[in-house]
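J.: The structure follows.
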Amino acid sequence: AATGPHRHQPRGSPIDGPMAGQGYLQDDRPDFPKILEFFTDPRTEDLQARQHALLKRIVQKCQRGFRLRELPVVAELLDIVPKRIEGLIKKDAEESEELERTLCNIIRITAKPNIRQKANEELLAPGLKAASQILEKLLLLQSSTSVRVAVEATRALTAIATPEDTSAAGKAQKKLNRKLLLEANAVQATCAKVEENANIILAIDDDGTERKVFDARATVDFIDADTSDDEDVTMSRSSSRGGRRRKPRSAKTDALFSDVLSYSTHKRTLEYAQSQVLRSLVHLLRELSTDAQSSFDLVECGGARACVKLLRCYLHDPAASDVVHVTVEILWNVLEHCHDVTDVAGPPAASRTKLLSRRRFTSAMYQLSDDATIAVLRQILQHLFLTGHKADDKRLRNEVLIVCSLIASHRKSHAAFRRQRLIHLLLDYACAAELPEDAIEVRTQATQGRDPRSTEPPLADRHTFATSSNEDLETKRILWSMLSDLGRAEEENLRLVVEADFMGALLMYLDVEALDAADEPEEWDDDETAVSRDTVSVNGRRIPGILKNLELTKLHVLQQQAMAVLLNLAPRAPAAFQKLQGHILALRFLDACDEGNDEATQNTNATRPSARSADGLVRGALMLLISVVGLPGLQNELGNLDGVEIMLKRFADSRAGANMRNDAVMILAKLCENHEENQARLRRAHGVSLLIQEIDAYVKRRVPVTRSRHKNLSEAARDAMPSSSSAEKVDPLIVGVLDCLWHGVVGNRRSEARLPPVDGLDALLALLEVGPRLMRLQVCGVLADLARNPKLISYIRGWRSDKTMRSTCQLLAHAWEDEEIRLGCDRDRGVLSDTAQPLRKKKPSQKEEKVVTTIAGDSSDSDEELTVVQAPPADAQTTMKFMQRSAGGALQTSQAARAERALRQAVATHDLRSKVAPIYAALLASGDAGDGDAPADDKATLRMVGHYARFIDGEAWSDVQHQLATAGVKPVAADRTLLDFNIGASVSLAEKTKADQEVLAGERKAEEKAGEESFFGSILNQRDQEIKQLIIKRDALRPKRKLLERQAAQEAAALEEGGE
């Protein structure tokens, strides 16, 4: 019987009315469980038109996205619908295509953010499971026979990996999606599809035939320009099918290019659908490669090499397809993630397997360091240099260069760079950009008719790489940086860099005269034609006219980078640098950087004041000179070119930074070391007074080192006192000034004579008093060498501190005592305890001791009590640990920190007493040491200082005797007598010194007692004065009448006593 429209139908369609159930109420959304039942029920599975209508309803009602509860059903539909489409292809192609379009619409909806009905529903187990199911189905659809479906599935995965929402919630969703994609192995699946498609394309030749071998082929024709010719391509295909072959190569050519790879560059036949698949796949990989873990998975599954294989499909015109752009970006991402992980010092690998995984299997730099990758990159670069005229082509070229530079950071790739002649290509264009324009045009025209076996690669038109555009300048900077790293890594690379005249091209940017000439206006003849003018630099290199088109800021950037590259290459190739007159160019460039130079006022790029006063340029030139000034023969050349005067001018510039002044004084020290002419130049240019003025200014900023009343303080106790810590930082500038004094003044009697008029010896002694303890070794070394000059002894002896009134002998005694404390030597009450070894250090004992110190400038009457633990003597290991603690647990690696660490290690391995003793010995040799007014404890210390040389000899003889006894060697009678005599003389002298110190210890007690009595006497005197003051105040407060009565009574009493 017919049923009315309102009668219930038990097996109706889910689209007949509003859906209800499964928690969906009055929202007019499809009932997904019923839809799934309609697709799977055997009674309705053949109703294809109704099924298609249901899918269209889903697309219509779910435009904003699917709910998380609906995803399991959607996942089932994504599995069922493609099978329905395959079944309809033969029956009804039109209906199959419509159903395919509807499926693509559903796939697009899956890419949209899911709609949640509860808070954090996507983080719960059901939500995570549903999202994972969708991702798995989409990954399966990537392999669909339908290109449209495969492309849409890949695009949906790309959208899921990169949500459009940039808010905090969107970032959290992106992080969750990336995690789910990792768990679903999306990277591995996508890389497999990329490699599969690349293999299919490479296996099909341009005539449609399949080639059994499509890997690299060895050939002499490694230049891509000739491989695209019709004759070569035809011969290549004919030889692969047994046709005519190429002419046999000579043995010389085989030996030269037997390892060079060159891939076919003929145009590949790609259908539009296939190109869309590849485009969607690489876009998905690019989004996934932005994550570090995804990048590691990509490399481990072979995705990086698959990308290289894909690049081979576009060697005929790399810039024509965006697939190449995206693929290069993928390689950039994975290499950068690998580079960051390699640079960070992480925890050690737990096993060999993990170590291999970290350094080999997941390392993109290692995986891409093979010959095939380098050959492909070389061919792409060659094509882009030759035909890349557009800005986009040049940007792609720069990205490929960045990929090459990241690969070059791995040592394994260096041999491949040489075998595949990529380094030769880089050197050609790094040097050709600095060639004159006519030279570039000659080479460009010569390449059109060149011999295919020629070793010279074709040179592109200068407009593709030698312009002043930002892209070409970036190319230049990337090339310079990469060649610098390659030349620094291996000697063979350095040889190629030197032979290619790369350093000469860099030095062109430091040639001031040539740069000024290049900036002059052009001359015109009668025909209004520019007259060409060749500008020649100092090293004989012609300057191109491109420099006149460079902006000032761009020129500065290139100059700074040129100096940075030369700083790496010049110390490794000093002969080539010196041959190119690099030191002369650097010195002239530095001289031109002076704002006070008259030539700097000219309106030119080379000498404009705003350009030459840049700190970066000055610092770069100074560092470059520091690295080469010590080369043989350069002291004379730089001195004759006023190098000493230029460095002094830079050092005297108070507006310059401390780093630049320090670099200048370091160059001065190296110029004057063992060179009398430069020392005379330093003296005539008033350099001695400038150095002493810097020391005076430093001394005035400091306070004297605080000393304690108690002797034999522990190291920790001295560290607790202000300005006496061995951990105190040093000023690099003062260290450089002392080094310059030591090499430029000390030892030259005429220069030493300039010290007394400028109070140079007073400044050095004051620096010894107030300077950091790390600098005492250097200061005492300078003073010890100056004390050899008899004319300076009186100035050393007559010095008195302006702040503490200590004499030179007292200062030397205090420095000796501090060194004894550092070394752990024990002199109880200032008296020797071991006469056999008076200078040897003793084992430190970990004990607590109370130390009473007086703080300079403290107004309190009470002393400060410190509880300290005696520290072990300083050595290199403890110094490193301290440096690590002072840096907050991380070892400092800056240049200043490394220099200070080296200074600490040097100080820890030397004995300051060996520098103090010669100074006091010189004072004794003069007849009057000036220690007559010294306290008794200082005199006891000076007894040790005066006999240091004898004690050292005695301990050396004692060591010889101990070594002979240890080795079981019995010396002959004469040797035994010599040993006993020298050891006995030292012991006798030590016993006499001990006796003198005992007497001085008694005098010290007497001085302390006298001082104590004087202290108590001053207290009693102060008490009496206070009593008298109180009496006077009391009398002043009494009334005058009572005072008069009292006085009258006193007078009457006196008269009565007189009358009696």
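Just remember, in the structure tokens the first chain shown is A, the second B, etc., residues are 1-based per chain, and ligands are 1-based in the order shown.
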When you look at A:Glu491 with a cut-off of 12 Å (counting only C-alpha atoms), what residues show up, excluding the ones that are within fewer than 5 positions of it in the same chain? I need them as a list of chain:residue names.
T.: A:His414, A:Ala415, A:Asp485, A:Leu486, A:Leu496, A:Val497, A:Val498, A:Leu569, A:Arg572, A:Ala573
J.: At a cut-off of 7 Å, using only C-alpha atoms, what residues contact stretch 757-771 of chain A? Leave out same-chain residues fewer than 2 positions from it and give the result as a PyMOL selection string.
T.: chain A and resi 689+692+695-696+699+702-705+754-755+773+775-776+779+795-796+799+801+811
J.: Have a look at A:Val187, A:Leu774, A:Leu88, A:Ala1052 and name the one nearest to A:Arg822; count only C-alpha atoms.
T.: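 Using only C-alpha atoms, the shortest distance to A:Arg822 belongs to A:Leu774.
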J.: Find the spatial neighbours of A:Glu195, counting only C-alpha atoms, within a cut-off of 10 Å - ignore same-chain residues fewer than 6 positions away - and output them as a list in words.
T.: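 Residues meeting the cut-off are Ile201, Gly302, Gly303, Ala304, Arg305, Ala306, Cys307, Val308, Lys309 and Leu310 of chain A.
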J.: Name the residues of stretch 350-453 of chain A that fall into alpha helix (DSSP H) according to DSSP on the backbone, using the chain letters and numbers of this document, as a VMD selection string.
T.: chain A and resid 352 to 356 364 to 367 371 to 387 391 to 408 412 to 419 422 to 432 437 to 446
J.: Select, from A:Asn177, A:Gln578, A:Thr190, A:Gln837, the residue with the minimum atom-to-atom distance to A:Leu141, counting only C-alpha atoms.
T.: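 Distance minimum relative to A:Leu141 lands on A:Thr190.
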J.: Using only C-alpha atoms, which protein or nucleic acid residues come within 12 Å of A:Glu45? Drop anything in the same chain fewer than 5 positions from it, and give the result as a count of residues only.
T.: 13
J.: Can you pull out every residue within 10 Å of A:Glu677, counting only C-alpha atoms, but drop anything in the same chain fewer than 3 positions away, and send it as a list in words?
T.: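 Once the nearby chain positions are removed, what remains is Gln635, Asn636, Gly639, Asn640, Leu671, Cys672, Asn674, Ala680, Arg681, Leu682 and Arg683 of chain A.
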J.: Between atom CA of A:Leu425 and atom CA of A:Glu490, what is the spacing in Å?
T.: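 Going from atom CA of A:Glu490 over to atom CA of A:Leu425, I get 17.8 Å.
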J.: If we count only C-alpha atoms, what is near A:Phe465 at a cut-off of 8 Å, once residues fewer than 2 positions away on the same chain are taken out, given as a PyMOL selection string?
T.: chain A and resi 385+429+433+460-463+467+472+475
J.: Since we have the selection now, will you write its residues out, keeping C-alpha atoms, as a short mmCIF file (atom, residue, chain, number, x, y, z; two decimals), in the first residue's frame?
T.:
```cif
data_model
loop_
_atom_site.label_atom_id
_atom_site.label_comp_id
_atom_site.auth_asym_id
_atom_site.auth_seq_id
_atom_site.Cartn_x
_atom_site.Cartn_y
_atom_site.Cartn_z
CA PHE A 385 75.11 31.74 -13.32
CA TYR A 429 82.96 33.55 -9.86
CA ALA A 433 83.37 39.58 -10.13
CA ALA A 460 78.60 34.09 -17.60
CA ASP A 461 77.72 37.56 -18.72
CA ARG A 462 78.75 40.11 -16.12
CA HIS A 463 75.17 41.35 -15.72
CA THR A 467 76.39 44.04 -10.71
CA ASP A 472 74.76 39.83 -6.47
CA THR A 475 76.23 36.05 -3.75
#
```
J.: Can you tell me which residues surround A:Leu406 at a distance of at most 9 Å, considering only C-alpha atoms, apart from same-chain residues fewer than 4 positions away, and format the answer as an NGL selection string?
T.: :A and (332 or 335-336 or 339 or 365 or 401-402 or 410 or 482)
J.: Figure out the distance between atom CA of A:Asp165 and atom CA of A:Pro113, please, to one decimal in Å.
T.: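 Pair atom CA of A:Pro113 / atom CA of A:Asp165 returns 9.3 Å.
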J.: Restricting the calculation to only C-alpha atoms: of A:Asp317, A:Glu70, A:Asp953, A:Glu95, which residue gets closest to A:Ser986?
T.: A:Asp953
J.: Hey, can you check how far atom CA of A:Gly946 sits from atom CA of A:Lys791?
T.: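 Distance between the two atoms: 21.0 Å.
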